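*Asks:* The following block contains the structure, expressed as structure tokens.
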Amino acid sequence: MKKIFLLITFILCLNAFSQNVTIKGAFDRPDAKRKLSLSRPMNSTQFPEINDLEEIAVNKGVFTIALTVQQPEIMYLNSYLNDSVEFSQPLFFKKGYTLTIDCKARNGKPQLTITGKGAPDNQPWEGSGNIIDFNDYPKDTLPERILADLKKGSDKDLETLHQYITKNKPSADFVKSWNLEIKYNPVRMFYVYAKQRPLYVRQAYSRNRRVWDDAYKRMLIDAPLMNELALSSWGYRVFIKMVLMFNKPQGWDDANYKEKFIKEWYANGSDTGERSYYKDELTIPNQKFIEKTFTGKVKEYLYAHLFNMALEIGAGSNLDSIYADFSKKYPSSIYKKTFGTTIAAVTEIQKRSINDRMIFETATLTTFDEVLNLYKGKTVLLDMWGTWCGPCRDELKNNSPAIKAYFKDKGLDYLYIANGDRKTEFRIKAWKSLITYLNMEGHHILATDELTNDIEQKIQLKGYPTYVIIHKDGSFEVSKARMSAETERNTLITEIEKALEEQH
């Protein structure tokens with residue numbers, strides 16, 4: 001009997017833990033066409049078992065949802081009335097909070113009354129409204145304007161938070177969490193904006209790079225890059241994820257900065273670092289950066305992002321050895337369950353070898369006309385890509401198989417021209433390794449600079465990846481399907497079908 005009692009007690013405790021927060025409420029217009037959702041921006045890898053968006057059923061105006069929270073967490077309750085936003089209410093939850101939310105319309109606007117355990121942390125307010133539209137600063141070559149606007153927005157958010165605290169007397173965890181959001185949102189937005197500047201003002205950014213870097217360093221004084229206490233903040237998590245994504249020089253960075261980066265992170269007495277860098281431009285640089293810059297839970301969290309990014313774009317180089325290092329450092333990590341099996345599968349895929357359906361063009365081609373002549377008499381889908389291009393690898397991994405399955409045995413040939421790759425032994429090896437990893441069966445050209453420049457001019461290329469349909473008569477058309485092809489696949493399919501019809 002005692003064992004049964006203990007078992008029942010354990011089950012009750014387990015259920016209480018698994019659903020330790022509840023929200024319920026009602027609308028005064030039960031027949032309205034309404035959709036309700038709860039946004040939980042945990043940023044994917046922090047708690048992999050948590051959905052970023054929870055749909056909430058509304059039955060005759062009444063709703064309820066039970067959740068698990070691992071730590072104090074900021075969420076947003078979003079209501080859509082007739083497909084238009086009715087309200088987005090910031091919520092703050094800790095274990096044990098139970099809220100009742102009554103929504104009544106007053107003068108055509110929703111008025112929320114929030115009661116229950118945790119109510120002082122969840123009264124109606126705007127939350128952090130410091131959002132910058134980068135389009136407002138399209139050609140800025142110096143950071144003064146955006147810095148001033150970020151500061152203005154941050155000051156306003158702090159004032160709004162102070163007013164909320166004075167009026168509602170929220171918990172200490174609420175105050176801490178919102179202060180962190182307000183602190184890290186400006187540096188996150190500035191960092192991403194600054195990293196995009198070379199795309200729009202390349203030369204001016206190169207001249208003024210030190211000014212941008214110094215502004216960023218000043219922001220880090222109050223919002224440091226390594227801050228384990230801030231890991232509960234969505235703004236901080238997104239910020240360090242962006243830093244991880246941009247830590248190595250991108251294709252648009254100037255050559256001097258890339259050379260400095262390679263020497264700093266790779267060079268030793270017998271190696272300039274360049275050979276090691278070009279063997280693996282993603283996973284190893286990110287591992288080096290994580291190990292040098294972060295500790296503890298923040299390091300564990302960023303390793304999860306390293307795995308996630310590499311798997312998303314099909315960059316499997318060294319992933320198995322990095323995961324082995326991670327497992328030794330964090331033997332009980334929640335991320336092992338998430339990534340262990342997948343990384344093992346990727347390791348097996350990397351053992352693929354080149355097959356006879358992967359055909360490499362050996363002639364040196366310098367013009368697009370030479371390419372067109374080479375494939376005249378065939379209908380060809382040309383994929384302009386680069387081994388350095390994350391979105392290209394993402395498309396090849398997620399969308400290319402669907403296109404090939406659709407056009408199987410229909411007379412469509414495939415040509416992949418890799419651009420911006422230096423023709424050195426280790427770059428060619430990396431190129432071919434990625435072709436086998438992504439199972440890119442078709443014809444392959446590793447473009448010279450001359451060929452790349454000529455194609456870019458002939459097709460008015462605006463970015464990578466780009467699809468070009470080569471007709472049997474040697475003419476061509478640039479596909480209207482842009483990234484992601486997953487969302488515009490039907491457009492590409494229609495264009496190809498039309499080209500195939502013309503060849504008969």
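As shown in the structure tokens, the chain order sets the letters A, B, ...; within each chain, residues go from 1, and ligands are also counted from 1 in the order they appear.
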Enumerate the residues of segment 235-409 of chain A with a DSSP assignment of strand (DSSP E), computed from the backbone, and present them as an NGL selection string.

*Replies:* :A and (358-360 or 379-385)

*Asks:* Write out as a PyMOL selection string all residues of segment 344-413 of chain A that backbone DSSP assigns to helix (DSSP H, G or I).

*Replies:* chain A and resi 344-349+368-374+390-398+400-406

*Asks:* Hey, which of A:Val69, A:Leu81, A:Ile284, A:Val346 ends up closest to Tyr266 of chain A? Count only C-alpha atoms.

*Replies:* A:Ile284

*Asks:* For Leu91 of chain A, which residue out of A:Tyr164, A:Phe174, A:Phe261, A:Phe307 is the nearest one, using only C-alpha atoms?

*Replies:* A:Phe174

*Asks:* Near Trp431 of chain A, counting only C-alpha atoms, which residues have an atom at most 8 Å away, once you skip same-chain residues fewer than 4 positions from it, shown as a PDB file with N, CA and C atoms, in the first residue's frame?

*Replies:*
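Written file, selection.pdb:
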ATOM      1  N   THR A 387      30.699  26.932 -52.580  1.00  0.00           N
ATOM      2  CA  THR A 387      30.897  26.149 -51.360  1.00  0.00           C
ATOM      3  C   THR A 387      30.884  27.037 -50.128  1.00  0.00           C
ATOM      4  N   ARG A 427      41.203  23.339 -51.898  1.00  0.00           N
ATOM      5  CA  ARG A 427      39.888  23.904 -52.237  1.00  0.00           C
ATOM      6  C   ARG A 427      39.127  22.953 -53.168  1.00  0.00           C
ATOM      7  N   ILE A 435      30.199  18.004 -52.892  1.00  0.00           N
ATOM      8  CA  ILE A 435      29.379  17.428 -53.967  1.00  0.00           C
ATOM      9  C   ILE A 435      28.924  16.015 -53.593  1.00  0.00           C
TER      10      ILE A 435
END

*Asks:* From the set A:Thr98, A:Gln70, A:Asn59, A:Ser154, which residue has the shortest atom-to-atom contact distance to Ser232 of chain A, counting only C-alpha atoms?

*Replies:* A:Gln70

*Asks:* Please compute the atom CA of His162 of chain A-atom CA of Phe92 of chain A distance, one decimal, in Å.

*Replies:*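 Pair atom CA of His162 of chain A / atom CA of Phe92 of chain A returns 16.2 Å.
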
*Asks:* Would you compute the distance between atom CA of Pro331 of chain A and atom CA of Glu300 of chain A? Give it in Å to one decimal.

*Replies:*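 Interatomic distance, atom CA of Pro331 of chain A to atom CA of Glu300 of chain A: 10.8 Å.
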
*Asks:* Tell me which protein, DNA and RNA residues are within 9 Å of Gly118 of chain A, counting only C-alpha atoms, leaving out same-chain ones fewer than 5 positions away, and put them as a compact mmCIF listing (two decimals) with C-alpha atoms, in the first residue's frame.

*Replies:*
# COMPACT_ATOMS: atom_id res chain seq x y z
CA PHE A 92 6.42 36.65 -17.81
CA PHE A 93 6.32 33.22 -16.24
CA LYS A 94 8.05 31.30 -13.49
CA GLY A 96 3.86 27.79 -10.46
CA TYR A 97 2.34 30.86 -12.12
CA THR A 98 -1.37 30.57 -12.99
CA LEU A 99 -3.01 33.45 -14.84
CA PRO A 170 6.70 42.93 -10.00
CA SER A 171 9.09 40.18 -8.89
